[in-house]
Amino acid sequence: MKPLQDLTVLDLTRVLAGPYAGMMLADFGANVIKIEAPVIGDDSRAFGPFIGQESVYFMSLNRNKRSMTLNLKNPGARALFREMVKKADIVVENYRPGTMEKFELGYDTLKAINPRIIYAACSGFGQTGPYRDKPAYDVIVQAMGGIMSITGPSGGPPTRVGASIGDIIAGLFTVIGIEMALYHREKSGYGQMIDVGMLDCQLAILENAIARYMVAGTIPAPLGNRHPSITPFEAFSAKDGSVIVGAGNDKLFEQLCNVIGKPGLAKDPLFATNALRTQHAQQLKEILDDVFIHKNINDWLVQLEAAGIPCGPINTIDKVVSDPQVIARNMIVSTEHPTAGHVKMPGIPIKLSDTPGAVEKPAPLLGQHTEEILQELLGLSIEEINKLKANKVI
């Protein structure tokens with residue numbers, strides 16, 4: 001048994017934030033039915049890279065799901081969806097606010113059909129506020145949410161985080177909301193609506209940036225790889241590249257000074273406490289760079305790890321996917337896609353002892369399971385399904 005095995009999810013989402021949430025539910029056993037527009041499907045089916053005609057981008061976000069097509073512009077399709085809601089536990093959508101209401105499929109409508117339904121809406125700016133109707137992509141909320149203003153080289157321009165964390169973080173918060181609503185439903189018997197805004201999620205992960213501004217009135221700026229309040233906590237120049245070191249307290253700094261052959265540095269009036277080290281971070285970096293440059297990364301890693309000092313290389317993606325720790329934790333997994341063949345992708349980061357998740361099915365072809373789902377969920381006959389096709393419902 002997987003923890004979500006008895007749950008049916010109607011996944012109306014596309015591109016990244018919503019599909020990521022649906023994938024997490026599917027990884028842990030939920031019956032996730034991906035509902036896509038006929039012919040075109042999820043927009044991300046057209047995003048590269050490709051294996052043949054199949055998008056690897058799409059495949060990496062929609063494993064373990066089944067796909068059916070449903071033309072929600074058709075009144076018959078909307079009626080069919082309402083029938084499906086009677087048998088479902090969760091609806092996930094990432095349309096612009098108001099869209100589902102125009103389809104007469106908003107939360108109030110679906111709640112009247114099934115009071116136990118959990119309705120998760122993930123949008124750019126949430127269901128309320130002056131920006132609710134604005135469109136958003138990852139880069140928009142990264143910019144508006146402040147994270148770009150604190151990312152990049154010191155003194156450099158604001159920089160987008162390399163991964164689409166505007167979308168991914170929103171997907172994660174959507175799953176957290178769903179799990180909390182499920183727990184509440186176990187006690188109350190009733191579902192509820194979950195409203196997640198991507199911009200809200202960006203503020204939630206700003207860590208100490210807002211705290212620093214609220215306390216000191218200083219507007220945080222990019223610092224490169226350096227931590228704003230822990231020192232040393234950044235990259236240093238070795239002979240063959242950079243090594244990351246995080247000496248997060250005075251004892252670790254003392255250990256670091258011993259490893260590099262400069263024990264007196266820990267007692268230096270400029271560096272004796274973390275606050276002093278942070279105040280004089282540039283001077284300390286210059287001293288440490290002058291030491292680190294004389295050995296290779298691996299030589300430093302051996303010495304630092306032996307002393308219990310957190311450290312690591314700055315891996316490129318080719319090194320990440322072959323890292324022994326990554327392999328040991330099953331963080332690169334394979335699926336066999338019906339047309340793309342052997343496809344590798346990231347594994348499941350949450351390891352449950354008794355009810356673990358698993359990657360068992362590849363991402364579906366567009367509409368691959370339409371007939372199967374309608375027969376299974378609603379008991380429709382082939383004749384009834386063919387009529388739906390003829391009427392352009394599916």
# chains A, B, ... in the order shown; residues from 1 in each chain; ligands from 1

$ closest_atom_pairs --of "segment 203-307 of chain A" --to "segment 315-325 of chain A" --cutoff "12 Å" --atoms "only C-alpha atoms" --output "tab-separated table"
residue	atom	partner	partner_atom	distance
A:Gly241	CA	A:Asn315	CA	10.4
A:Ser242	CA	A:Asn315	CA	9.8
A:Val243	CA	A:Asn315	CA	9.9
A:Ile244	CA	A:Asn315	CA	10.4
A:Ile297	CA	A:Asn315	CA	11.4

$ write_last_selection --atoms "N, CA and C atoms" --output "PDB file, in the first residue's frame"
ATOM      1  N   GLY A 241      39.308  24.715  -9.356  1.00  0.00           N
ATOM      2  CA  GLY A 241      37.909  25.118  -9.328  1.00  0.00           C
ATOM      3  C   GLY A 241      37.537  25.694  -7.983  1.00  0.00           C
ATOM      4  N   SER A 242      36.286  25.556  -7.608  1.00  0.00           N
ATOM      5  CA  SER A 242      35.813  26.129  -6.350  1.00  0.00           C
ATOM      6  C   SER A 242      35.325  25.045  -5.410  1.00  0.00           C
ATOM      7  N   VAL A 243      35.529  25.284  -4.126  1.00  0.00           N
ATOM      8  CA  VAL A 243      35.029  24.380  -3.090  1.00  0.00           C
ATOM      9  C   VAL A 243      34.130  25.190  -2.161  1.00  0.00           C
ATOM     10  N   ILE A 244      32.972  24.610  -1.853  1.00  0.00           N
ATOM     11  CA  ILE A 244      32.023  25.271  -0.963  1.00  0.00           C
ATOM     12  C   ILE A 244      32.321  24.844   0.476  1.00  0.00           C
ATOM     13  N   ILE A 297      40.488  20.558  -5.421  1.00  0.00           N
ATOM     14  CA  ILE A 297      39.212  20.434  -4.701  1.00  0.00           C
ATOM     15  C   ILE A 297      39.173  19.150  -3.882  1.00  0.00           C
TER      16      ILE A 297
END

$ residues_around --residues "Asp200 of chain A" --least-positions-apart "3" --cutoff "10 Å" --atoms "only C-alpha atoms" --output "PyMOL selection string"
chain A and resi 124-126+141+145+166+170+196-197+203-205

$ write_last_selection --atoms "C-alpha atoms" --output "compact mmCIF listing (two decimals), in the first residue's frame"
# COMPACT_ATOMS: atom_id res chain seq x y z
CA GLY A 124 -0.07 33.31 -10.14
CA PHE A 125 -1.48 35.66 -7.52
CA GLY A 126 -4.22 33.73 -5.75
CA VAL A 141 6.84 35.87 -9.71
CA GLY A 145 8.54 38.23 -5.19
CA GLY A 166 8.35 30.10 -8.74
CA ALA A 170 3.92 26.69 -5.51
CA VAL A 196 -2.23 28.96 -3.46
CA GLY A 197 -0.68 32.00 -5.13
CA LEU A 203 7.58 35.57 -0.09
CA ALA A 204 7.31 32.50 2.12
CA ILE A 205 10.78 31.29 1.06

$ residues_around --residues "Ile168 of chain A" --least-positions-apart "4" --cutoff "8 Å" --atoms "only C-alpha atoms" --output "JSON, numbers by chain"
{"A": [16, 17, 20, 164, 172]}

$ residues_around --residues "Met144 of chain A" --least-positions-apart "5" --cutoff "12 Å" --atoms "only C-alpha atoms" --output "tab-separated table (two decimals) with C-alpha atoms, in the first residue's frame"
chain	number	residue	atom	x	y	z
A	124	GLY	CA	-0.07	33.31	-10.14
A	125	PHE	CA	-1.48	35.66	-7.52
A	131	TYR	CA	-3.50	41.13	-9.06
A	136	ALA	CA	2.00	34.90	-14.39
A	137	TYR	CA	4.92	32.70	-15.25
A	138	ASP	CA	7.81	31.58	-13.08
A	139	VAL	CA	10.08	34.47	-14.07
A	149	SER	CA	16.83	40.98	-6.23
A	150	ILE	CA	18.95	38.91	-3.81
A	158	PRO	CA	19.14	40.77	-10.34
A	160	ARG	CA	16.62	34.49	-12.06
A	166	GLY	CA	8.35	30.10	-8.74
A	198	MET	CA	2.78	31.70	-6.66
A	199	LEU	CA	3.71	35.20	-5.46
A	200	ASP	CA	2.72	34.31	-1.89
A	201	CYS	CA	4.97	31.26	-2.05
A	202	GLN	CA	7.95	33.34	-3.14
A	203	LEU	CA	7.58	35.57	-0.09

$ closest_residue --among "A:Asn330, A:Asn225, A:Thr174, A:Asn114" --to "Gly189 of chain A" --atoms "only C-alpha atoms"
A:Asn114

$ select_by_dssp --residues "segment 134-265 of chain A" --states "strand (DSSP E)" --output "ChimeraX atom specification"
/A:193-197,233-238,241-246

$ residues_around --residues "Lys262 of chain A" --least-positions-apart "3" --cutoff "12 Å" --atoms "only C-alpha atoms" --output "PDB file with N, CA and C atoms, in the first residue's frame"
ATOM      1  N   PHE A 253      34.589  27.019  12.706  1.00  0.00           N
ATOM      2  CA  PHE A 253      35.589  27.946  12.171  1.00  0.00           C
ATOM      3  C   PHE A 253      36.963  27.641  12.755  1.00  0.00           C
ATOM      4  N   GLU A 254      37.004  27.325  14.035  1.00  0.00           N
ATOM      5  CA  GLU A 254      38.274  26.964  14.664  1.00  0.00           C
ATOM      6  C   GLU A 254      38.855  25.701  14.012  1.00  0.00           C
ATOM      7  N   GLN A 255      37.993  24.717  13.743  1.00  0.00           N
ATOM      8  CA  GLN A 255      38.428  23.509  13.057  1.00  0.00           C
ATOM      9  C   GLN A 255      38.971  23.827  11.665  1.00  0.00           C
ATOM     10  N   LEU A 256      38.270  24.713  10.962  1.00  0.00           N
ATOM     11  CA  LEU A 256      38.714  25.114   9.626  1.00  0.00           C
ATOM     12  C   LEU A 256      40.093  25.757   9.691  1.00  0.00           C
ATOM     13  N   CYS A 257      40.293  26.627  10.660  1.00  0.00           N
ATOM     14  CA  CYS A 257      41.595  27.297  10.800  1.00  0.00           C
ATOM     15  C   CYS A 257      42.711  26.287  11.062  1.00  0.00           C
ATOM     16  N   ASN A 258      42.397  25.255  11.827  1.00  0.00           N
ATOM     17  CA  ASN A 258      43.393  24.210  12.083  1.00  0.00           C
ATOM     18  C   ASN A 258      43.710  23.433  10.808  1.00  0.00           C
ATOM     19  N   VAL A 259      42.685  23.106  10.028  1.00  0.00           N
ATOM     20  CA  VAL A 259      42.888  22.334   8.790  1.00  0.00           C
ATOM     21  C   VAL A 259      43.766  23.096   7.810  1.00  0.00           C
ATOM     22  N   LEU A 265      44.094  32.299  13.332  1.00  0.00           N
ATOM     23  CA  LEU A 265      43.047  33.081  12.675  1.00  0.00           C
ATOM     24  C   LEU A 265      41.749  33.073  13.486  1.00  0.00           C
ATOM     25  N   ALA A 266      41.516  31.983  14.209  1.00  0.00           N
ATOM     26  CA  ALA A 266      40.277  31.875  14.990  1.00  0.00           C
ATOM     27  C   ALA A 266      40.247  32.865  16.152  1.00  0.00           C
ATOM     28  N   LYS A 267      41.431  33.337  16.574  1.00  0.00           N
ATOM     29  CA  LYS A 267      41.494  34.284  17.693  1.00  0.00           C
ATOM     30  C   LYS A 267      41.704  35.722  17.219  1.00  0.00           C
ATOM     31  N   ASP A 268      41.825  35.896  15.915  1.00  0.00           N
ATOM     32  CA  ASP A 268      42.024  37.241  15.363  1.00  0.00           C
ATOM     33  C   ASP A 268      40.854  38.137  15.759  1.00  0.00           C
ATOM     34  N   ILE A 287      41.869  35.989   2.577  1.00  0.00           N
ATOM     35  CA  ILE A 287      42.836  35.149   3.301  1.00  0.00           C
ATOM     36  C   ILE A 287      42.637  33.677   2.948  1.00  0.00           C
ATOM     37  N   LEU A 288      41.380  33.225   2.967  1.00  0.00           N
ATOM     38  CA  LEU A 288      41.091  31.814   2.707  1.00  0.00           C
ATOM     39  C   LEU A 288      41.357  31.445   1.249  1.00  0.00           C
ATOM     40  N   ASP A 290      43.630  32.665  -0.612  1.00  0.00           N
ATOM     41  CA  ASP A 290      45.091  32.553  -0.745  1.00  0.00           C
ATOM     42  C   ASP A 290      45.606  31.199  -0.261  1.00  0.00           C
ATOM     43  N   VAL A 291      44.860  30.580   0.645  1.00  0.00           N
ATOM     44  CA  VAL A 291      45.245  29.255   1.141  1.00  0.00           C
ATOM     45  C   VAL A 291      44.684  28.159   0.235  1.00  0.00           C
ATOM     46  N   PHE A 292      43.406  28.245  -0.089  1.00  0.00           N
ATOM     47  CA  PHE A 292      42.732  27.183  -0.850  1.00  0.00           C
ATOM     48  C   PHE A 292      43.317  27.005  -2.254  1.00  0.00           C
TER      49      PHE A 292
END

$ residues_around --residues "segment 102-111 of chain A" --least-positions-apart "6" --cutoff "12 Å" --atoms "only C-alpha atoms" --output "PyMOL selection string"
chain A and resi 12+71-93+95-96+117-121+127+190-195

$ write_last_selection --atoms "N, CA and C atoms" --output "mmCIF file, in the first residue's frame"
data_model
loop_
_atom_site.group_PDB
_atom_site.id
_atom_site.type_symbol
_atom_site.label_atom_id
_atom_site.label_comp_id
_atom_site.auth_asym_id
_atom_site.auth_seq_id
_atom_site.Cartn_x
_atom_site.Cartn_y
_atom_site.Cartn_z
ATOM 1 N N LEU A 12 -6.563 19.009 -13.583
ATOM 2 C CA LEU A 12 -6.842 19.881 -14.729
ATOM 3 C C LEU A 12 -5.666 20.806 -15.041
ATOM 4 N N ASN A 71 -13.132 18.224 -23.511
ATOM 5 C CA ASN A 71 -13.256 19.566 -24.078
ATOM 6 C C ASN A 71 -14.187 20.391 -23.202
ATOM 7 N N LEU A 72 -13.634 21.094 -22.229
ATOM 8 C CA LEU A 72 -14.448 21.804 -21.256
ATOM 9 C C LEU A 72 -15.215 22.979 -21.849
ATOM 10 N N LYS A 73 -14.956 23.327 -23.091
ATOM 11 C CA LYS A 73 -15.767 24.345 -23.763
ATOM 12 C C LYS A 73 -17.109 23.776 -24.213
ATOM 13 N N ASN A 74 -17.215 22.459 -24.176
ATOM 14 C CA ASN A 74 -18.426 21.760 -24.584
ATOM 15 C C ASN A 74 -19.303 21.506 -23.342
ATOM 16 N N PRO A 75 -20.578 21.923 -23.362
ATOM 17 C CA PRO A 75 -21.453 21.705 -22.199
ATOM 18 C C PRO A 75 -21.533 20.230 -21.789
ATOM 19 N N GLY A 76 -21.484 19.338 -22.763
ATOM 20 C CA GLY A 76 -21.529 17.917 -22.452
ATOM 21 C C GLY A 76 -20.300 17.471 -21.671
ATOM 22 N N ALA A 77 -19.147 18.060 -21.975
ATOM 23 C CA ALA A 77 -17.921 17.724 -21.250
ATOM 24 C C ALA A 77 -17.988 18.219 -19.815
ATOM 25 N N ARG A 78 -18.549 19.391 -19.629
ATOM 26 C CA ARG A 78 -18.686 19.919 -18.274
ATOM 27 C C ARG A 78 -19.636 19.063 -17.439
ATOM 28 N N ALA A 79 -20.691 18.608 -18.068
ATOM 29 C CA ALA A 79 -21.618 17.706 -17.368
ATOM 30 C C ALA A 79 -20.914 16.398 -16.996
ATOM 31 N N LEU A 80 -20.093 15.909 -17.905
ATOM 32 C CA LEU A 80 -19.336 14.678 -17.642
ATOM 33 C C LEU A 80 -18.362 14.884 -16.485
ATOM 34 N N PHE A 81 -17.717 16.035 -16.464
ATOM 35 C CA PHE A 81 -16.772 16.328 -15.379
ATOM 36 C C PHE A 81 -17.498 16.364 -14.037
ATOM 37 N N ARG A 82 -18.677 16.955 -14.006
ATOM 38 C CA ARG A 82 -19.428 17.008 -12.753
ATOM 39 C C ARG A 82 -19.779 15.604 -12.260
ATOM 40 N N GLU A 83 -20.046 14.699 -13.194
ATOM 41 C CA GLU A 83 -20.300 13.313 -12.802
ATOM 42 C C GLU A 83 -19.034 12.675 -12.229
ATOM 43 N N MET A 84 -17.890 13.010 -12.809
ATOM 44 C CA MET A 84 -16.628 12.477 -12.307
ATOM 45 C C MET A 84 -16.324 12.993 -10.908
ATOM 46 N N VAL A 85 -16.703 14.238 -10.639
ATOM 47 C CA VAL A 85 -16.454 14.832 -9.316
ATOM 48 C C VAL A 85 -17.165 14.052 -8.219
ATOM 49 N N LYS A 86 -18.296 13.462 -8.543
ATOM 50 C CA LYS A 86 -19.023 12.664 -7.550
ATOM 51 C C LYS A 86 -18.181 11.492 -7.048
ATOM 52 N N LYS A 87 -17.282 10.998 -7.892
ATOM 53 C CA LYS A 87 -16.476 9.828 -7.546
ATOM 54 C C LYS A 87 -15.042 10.198 -7.125
ATOM 55 N N ALA A 88 -14.746 11.498 -7.119
ATOM 56 C CA ALA A 88 -13.369 11.947 -6.881
ATOM 57 C C ALA A 88 -13.174 12.438 -5.454
ATOM 58 N N ASP A 89 -11.916 12.548 -5.065
ATOM 59 C CA ASP A 89 -11.540 13.104 -3.766
ATOM 60 C C ASP A 89 -10.961 14.507 -3.877
ATOM 61 N N ILE A 90 -10.227 14.748 -4.953
ATOM 62 C CA ILE A 90 -9.457 15.988 -5.085
ATOM 63 C C ILE A 90 -9.573 16.498 -6.512
ATOM 64 N N VAL A 91 -9.731 17.798 -6.660
ATOM 65 C CA VAL A 91 -9.618 18.480 -7.950
ATOM 66 C C VAL A 91 -8.457 19.462 -7.834
ATOM 67 N N VAL A 92 -7.565 19.434 -8.796
ATOM 68 C CA VAL A 92 -6.449 20.384 -8.830
ATOM 69 C C VAL A 92 -6.515 21.149 -10.142
ATOM 70 N N GLU A 93 -6.454 22.468 -10.062
ATOM 71 C CA GLU A 93 -6.473 23.285 -11.282
ATOM 72 C C GLU A 93 -5.543 24.483 -11.116
ATOM 73 N N TYR A 95 -5.848 27.235 -13.520
ATOM 74 C CA TYR A 95 -6.357 28.277 -14.415
ATOM 75 C C TYR A 95 -6.257 29.645 -13.745
ATOM 76 N N ARG A 96 -6.405 30.691 -14.557
ATOM 77 C CA ARG A 96 -6.516 32.020 -13.982
ATOM 78 C C ARG A 96 -7.811 32.094 -13.167
ATOM 79 N N ILE A 117 -15.287 16.940 -1.493
ATOM 80 C CA ILE A 117 -14.262 17.265 -2.490
ATOM 81 C C ILE A 117 -13.263 18.275 -1.928
ATOM 82 N N ILE A 118 -12.004 18.029 -2.171
ATOM 83 C CA ILE A 118 -10.927 18.971 -1.849
ATOM 84 C C ILE A 118 -10.508 19.619 -3.153
ATOM 85 N N TYR A 119 -10.623 20.933 -3.197
ATOM 86 C CA TYR A 119 -10.430 21.692 -4.433
ATOM 87 C C TYR A 119 -9.191 22.573 -4.273
ATOM 88 N N ALA A 120 -8.130 22.252 -4.998
ATOM 89 C CA ALA A 120 -6.879 23.001 -4.894
ATOM 90 C C ALA A 120 -6.673 23.858 -6.130
ATOM 91 N N ALA A 121 -6.612 25.161 -5.926
ATOM 92 C CA ALA A 121 -6.399 26.116 -7.017
ATOM 93 C C ALA A 121 -5.039 26.772 -6.845
ATOM 94 N N GLN A 127 -6.598 33.838 -5.428
ATOM 95 C CA GLN A 127 -7.988 34.099 -5.792
ATOM 96 C C GLN A 127 -8.482 35.469 -5.347
ATOM 97 N N TYR A 190 -15.694 16.681 5.683
ATOM 98 C CA TYR A 190 -15.897 17.676 4.633
ATOM 99 C C TYR A 190 -14.576 18.111 4.000
ATOM 100 N N GLY A 191 -14.655 18.387 2.701
ATOM 101 C CA GLY A 191 -13.517 18.951 2.000
ATOM 102 C C GLY A 191 -13.470 20.463 2.161
ATOM 103 N N GLN A 192 -12.560 21.088 1.440
ATOM 104 C CA GLN A 192 -12.462 22.543 1.453
ATOM 105 C C GLN A 192 -11.657 23.005 0.262
ATOM 106 N N MET A 193 -11.578 24.329 0.083
ATOM 107 C CA MET A 193 -10.815 24.901 -1.029
ATOM 108 C C MET A 193 -9.439 25.321 -0.556
ATOM 109 N N ILE A 194 -8.437 25.066 -1.383
ATOM 110 C CA ILE A 194 -7.064 25.476 -1.132
ATOM 111 C C ILE A 194 -6.691 26.509 -2.180
ATOM 112 N N ASP A 195 -6.291 27.671 -1.739
ATOM 113 C CA ASP A 195 -5.959 28.794 -2.624
ATOM 114 C C ASP A 195 -4.471 29.087 -2.472
#

$ closest_residue --among "A:Gly18, A:Gly224, A:Gly41, A:Gly155" --to "Ser123 of chain A" --atoms "only C-alpha atoms"
A:Gly18

$ residues_around --residues "Gly347 of chain A" --least-positions-apart "2" --cutoff "6 Å" --atoms "only C-alpha atoms" --output "ChimeraX atom specification"
/A:331-333

$ atom_distance --atom1 "atom CA of Gln142 of chain A" --atom2 "atom CA of Leu223 of chain A"
17.0 Å

$ atom_distance --atom1 "atom CA of Phe28 of chain A" --atom2 "atom CA of Lys2 of chain A"
5.5 Å

$ atom_distance --atom1 "atom CA of Val245 of chain A" --atom2 "atom CA of Phe233 of chain A"
5.7 Å

$ closest_residue --among "A:Asn274, A:Ser60, A:Thr218, A:Thr159" --to "Pro346 of chain A" --atoms "only C-alpha atoms"
A:Ser60

$ closest_residue --among "A:Met68, A:Ala307, A:Ala46, A:Val56" --to "Glu372 of chain A" --atoms "only C-alpha atoms"
A:Met68

$ select_by_dssp --residues "segment 352-393 of chain A" --states "helix (DSSP H, G or I)" --output "number ranges by chain"
A: 370-378, 382-390

$ closest_residue --among "A:Glu286, A:Asp240, A:Asp250, A:Glu360" --to "Ile314 of chain A" --atoms "only C-alpha atoms"
A:Asp240
